[in-house]
>>> print(open('data13.cif').read())   # mmCIF, C-alpha atoms (C1' of nucleotides)
data_work
#
loop_
_atom_site.label_atom_id
_atom_site.label_comp_id
_atom_site.auth_asym_id
_atom_site.auth_seq_id
_atom_site.Cartn_x
_atom_site.Cartn_y
_atom_site.Cartn_z
CA MET A 139 132.12 177.56 61.47
CA ALA A 140 134.15 180.70 61.57
CA HIS A 141 131.36 182.91 62.75
CA ASP A 142 128.60 182.57 65.27
CA ASN A 143 125.34 183.88 63.88
CA THR A 144 123.61 183.72 67.23
CA GLU A 145 125.32 186.93 68.27
CA LEU A 146 122.74 189.68 68.47
CA ALA A 147 123.34 193.35 67.78
CA HIS A 148 123.98 195.67 70.70
CA PRO A 149 124.21 199.46 70.45
CA ALA A 150 127.56 200.99 71.31
CA ARG A 151 127.82 202.95 74.53
CA ASP A 152 127.92 206.27 72.74
CA ASP A 153 124.84 205.42 70.73
CA LEU A 154 122.57 204.91 73.71
CA ARG A 155 119.62 207.25 73.60
CA LEU A 156 118.07 208.55 76.76
CA THR A 157 114.49 208.39 75.55
CA ASP A 158 114.93 204.80 74.39
CA VAL A 159 116.33 203.83 77.77
CA LEU A 160 113.48 205.53 79.61
CA PHE A 161 110.93 203.90 77.36
CA ALA A 162 112.37 200.44 77.87
CA LEU A 163 112.32 200.94 81.63
CA SER A 164 108.77 202.29 81.63
CA ASP A 165 107.24 198.83 81.39
CA PRO A 166 106.78 197.02 84.73
CA GLU A 167 107.73 193.64 83.32
CA ARG A 168 110.91 194.94 81.73
CA LEU A 169 111.80 196.85 84.86
CA ALA A 170 111.38 193.65 86.87
CA ILE A 171 113.78 191.89 84.52
CA VAL A 172 116.38 194.60 85.00
CA ARG A 173 116.04 194.30 88.76
CA GLN A 174 116.90 190.63 88.56
CA LEU A 175 120.12 191.45 86.74
CA VAL A 176 121.42 194.00 89.17
CA ASP A 177 123.10 191.33 91.31
CA GLY A 178 124.92 189.85 88.36
CA PRO A 179 124.38 188.05 85.07
CA LEU A 180 121.67 185.45 84.80
CA GLU A 181 120.88 182.70 82.38
CA MET A 182 117.74 183.65 80.53
CA ALA A 183 116.00 180.47 81.56
CA GLN A 184 116.55 181.45 85.20
CA CYS A 185 115.12 184.90 84.68
CA HIS A 186 111.48 184.65 85.65
CA LEU A 187 108.53 186.79 84.74
CA SER A 188 105.49 187.82 86.73
CA ASP A 189 103.40 185.46 84.65
CA PRO A 190 105.22 182.12 84.33
CA SER A 191 102.91 181.06 81.52
CA MET A 192 103.99 183.87 79.25
CA PRO A 193 104.97 182.55 75.81
CA LYS A 194 108.66 182.50 75.06
CA SER A 195 108.20 184.72 72.02
CA THR A 196 106.83 187.44 74.28
CA LYS A 197 109.66 187.01 76.74
CA SER A 198 112.12 187.21 73.88
CA HIS A 199 110.52 190.42 72.70
CA LEU A 200 110.84 192.02 76.12
CA MET A 201 114.52 191.16 76.05
CA LYS A 202 114.85 192.62 72.59
CA VAL A 203 113.48 195.99 73.66
CA LEU A 204 115.88 196.09 76.60
CA ARG A 205 118.80 195.00 74.45
CA GLU A 206 118.10 197.48 71.67
CA ALA A 207 117.89 200.28 74.21
CA GLY A 208 121.32 199.22 75.43
CA ILE A 209 120.18 198.24 78.90
CA ILE A 210 121.04 194.59 78.81
CA ARG A 211 123.55 192.39 77.05
CA ASN A 212 122.31 189.11 75.61
CA GLU A 213 124.97 186.61 74.59
CA PRO A 214 124.94 182.92 73.75
CA LEU A 215 126.03 180.59 76.52
CA GLY A 216 125.83 176.87 76.00
CA ARG A 217 122.48 176.12 74.54
CA GLY A 218 120.92 179.10 76.27
CA ARG A 219 121.57 182.80 76.74
CA ARG A 220 123.35 184.83 79.31
CA LEU A 221 121.79 188.16 80.26
CA SER A 222 123.63 190.97 81.96
CA LEU A 223 122.96 194.56 82.89
CA ARG A 224 125.12 197.04 80.99
CA TYR A 225 125.62 199.00 84.18
CA ASP A 226 128.98 200.54 83.31
CA ASP A 227 127.82 201.74 79.93
CA LEU A 228 124.63 203.19 81.36
CA GLU A 229 126.48 204.85 84.20
CA ALA A 230 129.08 206.32 81.86
CA ARG A 231 126.48 207.68 79.50
CA PHE A 232 123.77 208.72 81.95
CA PRO A 233 125.41 209.12 85.37
CA GLY A 234 123.17 208.25 88.29
CA LEU A 235 120.21 207.36 86.14
CA ILE A 236 120.07 203.59 86.36
CA GLY A 237 120.91 203.71 90.05
CA SER A 238 118.08 206.06 90.88
CA VAL A 239 115.63 204.05 88.80
CA LEU A 240 116.63 200.85 90.57
CA ASP A 241 116.42 202.56 93.96
CA ALA A 242 112.98 203.86 93.13
CA ALA A 243 111.88 200.43 91.96
CA ALA A 244 113.24 198.79 95.10
CA ASP A 245 110.68 200.16 97.54
CA THR A 246 107.59 198.83 95.85
CA MET B 160 80.15 230.08 91.17
CA ALA B 161 81.58 228.44 94.23
CA HIS B 162 83.96 226.20 92.39
CA ASP B 163 86.42 226.66 89.55
CA ASN B 164 86.02 223.91 87.00
CA THR B 165 89.20 224.78 85.20
CA GLU B 166 91.22 223.05 87.91
CA LEU B 167 92.65 219.85 86.52
CA ALA B 168 93.32 216.68 88.50
CA HIS B 169 96.83 216.02 89.73
CA PRO B 170 97.98 212.79 91.36
CA ALA B 171 99.11 213.06 94.98
CA ARG B 172 102.81 212.68 95.69
CA ASP B 173 102.36 209.22 97.16
CA ASP B 174 100.42 208.06 94.15
CA LEU B 175 103.16 208.76 91.62
CA ARG B 176 104.15 205.61 89.79
CA LEU B 177 107.66 205.11 88.58
CA THR B 178 106.73 203.47 85.30
CA ASP B 179 104.30 206.26 84.46
CA VAL B 180 106.97 208.86 85.15
CA LEU B 181 109.51 207.04 82.99
CA PHE B 182 107.00 206.65 80.21
CA ALA B 183 106.08 210.32 80.22
CA LEU B 184 109.75 211.28 80.07
CA SER B 185 110.51 208.81 77.28
CA ASP B 186 109.12 211.08 74.58
CA PRO B 187 111.56 213.69 73.23
CA GLU B 188 108.94 216.39 72.96
CA ARG B 189 107.72 215.88 76.51
CA LEU B 190 111.26 215.74 77.82
CA ALA B 191 111.97 219.04 76.09
CA ILE B 192 108.98 220.58 77.83
CA VAL B 193 110.22 219.41 81.22
CA ARG B 194 113.62 220.93 80.51
CA GLN B 195 112.01 224.29 79.96
CA LEU B 196 110.39 224.13 83.37
CA VAL B 197 113.51 223.33 85.36
CA ASP B 198 114.38 227.00 85.76
CA GLY B 199 110.95 227.86 87.13
CA PRO B 200 107.28 227.98 86.18
CA LEU B 201 106.27 229.08 82.74
CA GLU B 202 103.08 230.25 81.17
CA MET B 203 101.94 227.60 78.76
CA ALA B 204 101.85 230.06 75.89
CA GLN B 205 105.55 230.77 76.50
CA CYS B 206 106.45 227.09 76.49
CA HIS B 207 107.51 226.33 72.95
CA LEU B 208 107.68 223.07 71.07
CA SER B 209 110.11 221.80 68.48
CA ASP B 210 107.47 222.30 65.83
CA PRO B 211 105.83 225.70 66.29
CA SER B 212 103.00 224.73 63.97
CA MET B 213 101.83 221.89 66.18
CA PRO B 214 98.08 222.13 66.87
CA LYS B 215 97.12 223.25 70.33
CA SER B 216 95.17 220.06 70.97
CA THR B 217 98.36 218.07 70.52
CA LYS B 218 100.26 220.37 72.83
CA SER B 219 97.51 220.06 75.37
CA HIS B 220 97.71 216.28 75.17
CA LEU B 221 101.45 216.30 75.81
CA MET B 222 100.81 218.36 78.91
CA LYS B 223 98.11 215.96 80.00
CA VAL B 224 100.46 212.97 79.90
CA LEU B 225 103.04 214.87 81.94
CA ARG B 226 100.44 216.08 84.41
CA GLU B 227 98.81 212.68 84.90
CA ALA B 228 102.23 211.16 85.53
CA GLY B 229 102.73 213.77 88.24
CA ILE B 230 105.66 215.46 86.55
CA ILE B 231 104.14 218.88 86.01
CA ARG B 232 101.52 221.01 87.63
CA ASN B 233 99.05 222.82 85.38
CA GLU B 234 96.99 225.55 86.99
CA PRO B 235 94.85 228.34 85.67
CA LEU B 236 96.47 231.78 85.59
CA GLY B 237 94.67 234.67 84.09
CA ARG B 238 93.26 233.54 80.81
CA GLY B 239 96.06 231.06 80.35
CA ARG B 240 97.82 228.32 82.26
CA ARG B 241 100.83 228.21 84.48
CA LEU B 242 103.04 225.15 84.21
CA SER B 243 105.54 224.08 86.82
CA LEU B 244 107.77 221.10 87.45
CA ARG B 245 106.79 219.08 90.52
CA TYR B 246 110.42 218.80 91.46
CA ASP B 247 109.96 218.40 95.21
CA ASP B 248 107.35 215.70 94.83
CA LEU B 249 109.46 213.81 92.31
CA GLU B 250 112.56 214.14 94.42
CA ALA B 251 110.76 212.99 97.55
CA ARG B 252 109.26 209.99 95.85
CA PHE B 253 112.12 209.01 93.53
CA PRO B 254 115.31 210.54 94.93
CA GLY B 255 117.84 211.52 92.31
CA LEU B 256 115.74 210.39 89.40
CA ILE B 257 114.56 213.63 87.88
CA GLY B 258 117.96 215.19 88.40
CA SER B 259 119.81 212.44 86.58
CA VAL B 260 117.31 212.49 83.73
CA LEU B 261 117.69 216.24 83.34
CA ASP B 262 121.47 215.96 83.51
CA ALA B 263 121.43 213.27 80.86
CA ALA B 264 119.16 215.35 78.67
CA ALA B 265 121.35 218.40 79.08
CA ASP B 266 124.31 217.19 77.05
CA THR B 267 122.51 216.56 73.81
"C1'" DG C 11 78.26 241.88 76.17
"C1'" DA C 12 80.94 240.83 72.10
"C1'" DA C 13 85.24 239.56 70.37
"C1'" DA C 14 89.86 237.87 71.02
"C1'" DT C 15 93.02 234.89 73.46
"C1'" DG C 16 94.50 230.46 75.48
"C1'" DG C 17 93.45 226.05 76.48
"C1'" DT C 18 90.67 221.65 77.34
"C1'" DT C 19 87.96 217.86 75.62
"C1'" DC C 20 85.95 214.79 72.39
"C1'" DG C 21 86.02 211.56 68.62
"C1'" DA C 22 87.99 209.62 64.65
"C1'" DA C 23 92.04 208.25 62.00
"C1'" DA C 24 96.76 206.96 61.83
"C1'" DT C 25 100.77 205.22 63.93
"C1'" DT C 26 103.24 202.38 67.05
"C1'" DA C 27 103.75 198.73 70.38
"C1'" DA C 28 102.48 194.28 72.56
"C1'" DT C 29 101.04 189.56 72.12
"C1'" DC C 30 101.50 185.01 70.62
"C1'" DG C 31 101.58 180.83 67.58
"C1'" DA C 32 104.38 178.71 64.16
"C1'" DA C 33 108.54 177.98 62.01
"C1'" DC C 34 113.16 177.93 62.57
"C1'" DC C 35 118.09 177.67 64.53
"C1'" DA C 36 121.87 176.16 67.66
"C1'" DT C 37 123.81 173.46 71.23
"C1'" DA C 38 124.01 169.46 74.45
"C1'" DG C 39 123.27 164.88 75.45
"C1'" DG C 40 122.00 160.41 74.60
"C1'" DC D 274 122.38 161.20 64.20
"C1'" DC D 275 118.27 162.05 66.78
"C1'" DT D 276 115.98 164.35 70.22
"C1'" DA D 277 115.22 167.67 73.82
"C1'" DT D 278 116.10 172.25 75.46
"C1'" DG D 279 116.32 177.26 74.95
"C1'" DG D 280 115.66 181.00 72.26
"C1'" DT D 281 115.05 184.03 68.00
"C1'" DT D 282 112.29 185.58 64.17
"C1'" DC D 283 108.26 186.21 61.35
"C1'" DG D 284 103.58 187.45 60.50
"C1'" DA D 285 99.13 188.42 61.96
"C1'" DT D 286 96.13 190.25 65.42
"C1'" DT D 287 94.99 193.26 68.96
"C1'" DA D 288 95.80 197.03 72.10
"C1'" DA D 289 97.60 201.42 73.25
"C1'" DT D 290 99.23 206.02 71.88
"C1'" DT D 291 99.52 209.89 69.05
"C1'" DT D 292 97.60 213.24 66.12
"C1'" DC D 293 94.50 216.73 64.95
"C1'" DG D 294 90.14 219.18 63.75
"C1'" DA D 295 86.00 220.73 65.78
"C1'" DA D 296 83.44 222.14 69.50
"C1'" DC D 297 83.52 224.16 73.71
"C1'" DC D 298 84.89 226.97 77.96
"C1'" DA D 299 86.94 230.74 80.81
"C1'" DT D 300 89.15 235.07 81.20
"C1'" DT D 301 90.48 239.48 79.66
"C1'" DT D 302 89.79 243.53 76.90
"C1'" DC D 303 87.23 246.67 74.51
#
>>> encode(input="data13.cif", output="structure tokens")
Amino acid sequence: MAHDNTELAHPARDDLRLTDVLFALSDPERLAIVRQLVDGPLEMAQCHLSDPSMPKSTKSHLMKVLREAGIIRNEPLGRGRRLSLRYDDLEARFPGLIGSVLDAAADT
Amino acid sequence: MAHDNTELAHPARDDLRLTDVLFALSDPERLAIVRQLVDGPLEMAQCHLSDPSMPKSTKSHLMKVLREAGIIRNEPLGRGRRLSLRYDDLEARFPGLIGSVLDAAADT
DNA sequence: GAAATGGTTCGAAATTAATCGAACCATAGG
DNA sequence: CCTATGGTTCGATTAATTTCGAACCATTTC
């Protein structure tokens, strides 16, 4: 087919809203996901949660909140998904923010 | 009486939790309050909200969320309240965080 | 000490967010 | 093509947050 309908919508860099970003990061599980992406992209199946028995619909929802806030990118890769941190976009829009959040989350 | 019961509870510096701080800052109205405190303490009555007709119980609740997250201090002063940003505590616990949030909120 | 001012707290109602099963969709591999 | 794998979406339920009036409390002022 000419067009891949598994592409999800991502907000443009300039459309990122600070309060949405802060909200998405304010959940421990979502913050833990972001921390796993700081060293590079990850296949979603390799991205693990605190509770391994969490249903996939819940995991998918966590990813949706992060994606819609503009924090992560979620693109099809093979039969799975590739997740990546939108570090450059975040840094351009909110300088220093994501770095300080990740630093603060590091010493836990 | 020996003890002033109008003193509210504030979390100690070491008890501040990152996710609570992010959550408290993720609301536009609360973020706007914090911005008003960056230049120094303010009497609560002088701290204005986007909607001037907002009931005082709602305003008080906004302050409670900020206070319980450890972002602001709320102490009795005369017949009112004095609000201040806990900048030093935030900076000590989460270096760079509050500054980058305020910077990001500045260019709106 | 009575009234006015400024704010907290409580409880109920409304809004919003999280959870999760079921149904569905796409790709990869037999 | 059939099946397994990986993930999204929908809808319903539950949980958490917000909102706001009413009652209450403390301080100042008269």
>>> closest_atom_pairs(input="data13.cif", of="stretch 188-254 of chain B", to="stretch 18-37 of chain C", cutoff="12 Å", atoms="all atoms listed in the file", output="JSON lines")
{"residue": "B:Lys215", "atom": "CA", "partner": "C:DT18", "partner_atom": "C1'", "distance": 9.7}
{"residue": "B:Ser216", "atom": "CA", "partner": "C:DT18", "partner_atom": "C1'", "distance": 8.0}
{"residue": "B:Thr217", "atom": "CA", "partner": "C:DT18", "partner_atom": "C1'", "distance": 10.9}
{"residue": "B:Lys218", "atom": "CA", "partner": "C:DT18", "partner_atom": "C1'", "distance": 10.7}
{"residue": "B:Ser219", "atom": "CA", "partner": "C:DT18", "partner_atom": "C1'", "distance": 7.3}
{"residue": "B:His220", "atom": "CA", "partner": "C:DT18", "partner_atom": "C1'", "distance": 9.1}
{"residue": "B:Met222", "atom": "CA", "partner": "C:DT18", "partner_atom": "C1'", "distance": 10.8}
{"residue": "B:Lys223", "atom": "CA", "partner": "C:DT18", "partner_atom": "C1'", "distance": 9.7}
{"residue": "B:Asn233", "atom": "CA", "partner": "C:DT18", "partner_atom": "C1'", "distance": 11.7}
{"residue": "B:Pro235", "atom": "CA", "partner": "C:DT18", "partner_atom": "C1'", "distance": 11.5}
{"residue": "B:Gly239", "atom": "CA", "partner": "C:DT18", "partner_atom": "C1'", "distance": 11.3}
{"residue": "B:Arg240", "atom": "CA", "partner": "C:DT18", "partner_atom": "C1'", "distance": 10.9}
>>> closest_atom_pairs(input="data13.cif", of="chain D", to="chain A", cutoff="8 Å", atoms="only C-alpha atoms (C1' of nucleotides)", output="tab-separated table")
residue	atom	partner	partner_atom	distance
D:DT278	C1'	A:Arg217	CA	7.5
D:DG279	C1'	A:Gly218	CA	5.1
D:DG280	C1'	A:Gly218	CA	6.9
D:DT281	C1'	A:Ser198	CA	7.3
>>> resolve_selection(input="data13.cif", expression="the PyMOL selection byres ((chain C) within 8 of (chain B))", output="PyMOL selection string")
chain C and resi 15-18
>>> write_last_selection(input="data13.cif", atoms="C-alpha atoms (C1' of nucleotides)", output="PDB file, in the coordinates of the input")
ATOM      1  C1'  DT C  15      93.020 234.890  73.460  1.00  0.00           C
ATOM      2  C1'  DG C  16      94.500 230.460  75.480  1.00  0.00           C
ATOM      3  C1'  DG C  17      93.450 226.050  76.480  1.00  0.00           C
ATOM      4  C1'  DT C  18      90.670 221.650  77.340  1.00  0.00           C
TER       5       DT C  18
END
>>> closest_atom_pairs(input="data13.cif", of="chain B", to="chain A", cutoff="8 Å", atoms="all atoms listed in the file", output="JSON lines")
{"residue": "B:Leu177", "atom": "CA", "partner": "A:Ala242", "partner_atom": "CA", "distance": 7.1}
{"residue": "B:Thr178", "atom": "CA", "partner": "A:Ser164", "partner_atom": "CA", "distance": 4.4}
{"residue": "B:Asp179", "atom": "CA", "partner": "A:Ser164", "partner_atom": "CA", "distance": 6.6}
{"residue": "B:Val180", "atom": "CA", "partner": "A:Ser164", "partner_atom": "CA", "distance": 7.7}
{"residue": "B:Leu181", "atom": "CA", "partner": "A:Ser164", "partner_atom": "CA", "distance": 5.0}
{"residue": "B:Phe182", "atom": "CA", "partner": "A:Ser164", "partner_atom": "CA", "distance": 4.9}
{"residue": "B:Leu184", "atom": "CA", "partner": "A:Leu160", "partner_atom": "CA", "distance": 6.9}
{"residue": "B:Ser185", "atom": "CA", "partner": "A:Thr157", "partner_atom": "CA", "distance": 4.4}
{"residue": "B:Asp186", "atom": "CA", "partner": "A:Thr157", "partner_atom": "CA", "distance": 6.1}
{"residue": "B:Pro187", "atom": "CA", "partner": "A:Thr157", "partner_atom": "CA", "distance": 6.5}
{"residue": "B:Arg252", "atom": "CA", "partner": "A:Ala242", "partner_atom": "CA", "distance": 7.7}
{"residue": "B:Phe253", "atom": "CA", "partner": "A:Ala242", "partner_atom": "CA", "distance": 5.2}
{"residue": "B:Pro254", "atom": "CA", "partner": "A:Ser238", "partner_atom": "CA", "distance": 6.6}
{"residue": "B:Gly255", "atom": "CA", "partner": "A:Ser238", "partner_atom": "CA", "distance": 5.6}
{"residue": "B:Leu256", "atom": "CA", "partner": "A:Ser238", "partner_atom": "CA", "distance": 5.1}
{"residue": "B:Ser259", "atom": "CA", "partner": "A:Leu235", "partner_atom": "CA", "distance": 5.1}
{"residue": "B:Val260", "atom": "CA", "partner": "A:Leu235", "partner_atom": "CA", "distance": 6.4}
{"residue": "B:Asp262", "atom": "CA", "partner": "A:Phe232", "partner_atom": "CA", "distance": 7.8}
{"residue": "B:Ala263", "atom": "CA", "partner": "A:Phe232", "partner_atom": "CA", "distance": 5.2}
{"residue": "B:Ala264", "atom": "CA", "partner": "A:Leu156", "partner_atom": "CA", "distance": 7.1}
>>> atom_distance(input="data13.cif", atom1="atom CA of A:Glu167", atom2="atom CA of B:Asp173")
21.5 Å
>>> residues_around(input="data13.cif", residues="stretch 208-211 of chain A", least_positions_apart="5", cutoff="6 Å", atoms="all atoms listed in the file", output="list in words")
Pro149, Leu221, Ser222, Leu223 and Arg224 of chain A
>>> atom_distance(input="data13.cif", atom1="atom CA of B:Leu196", atom2="atom C1' of D:DC298")
26.2 Å
>>> atom_distance(input="data13.cif", atom1="atom CA of A:Ala170", atom2="atom CA of A:Ala150")
23.6 Å
>>> resolve_selection(input="data13.cif", expression="the PyMOL selection byres ((chain C and resi 40) around 10)", output="JSON, numbers by chain")
{"C": [38, 39], "D": [275, 276, 277]}
>>> closest_residue(input="data13.cif", among="A:Asp153, A:Glu181, A:Arg205, A:Ile171", to="A:Arg220", atoms="all atoms listed in the file")
A:Glu181
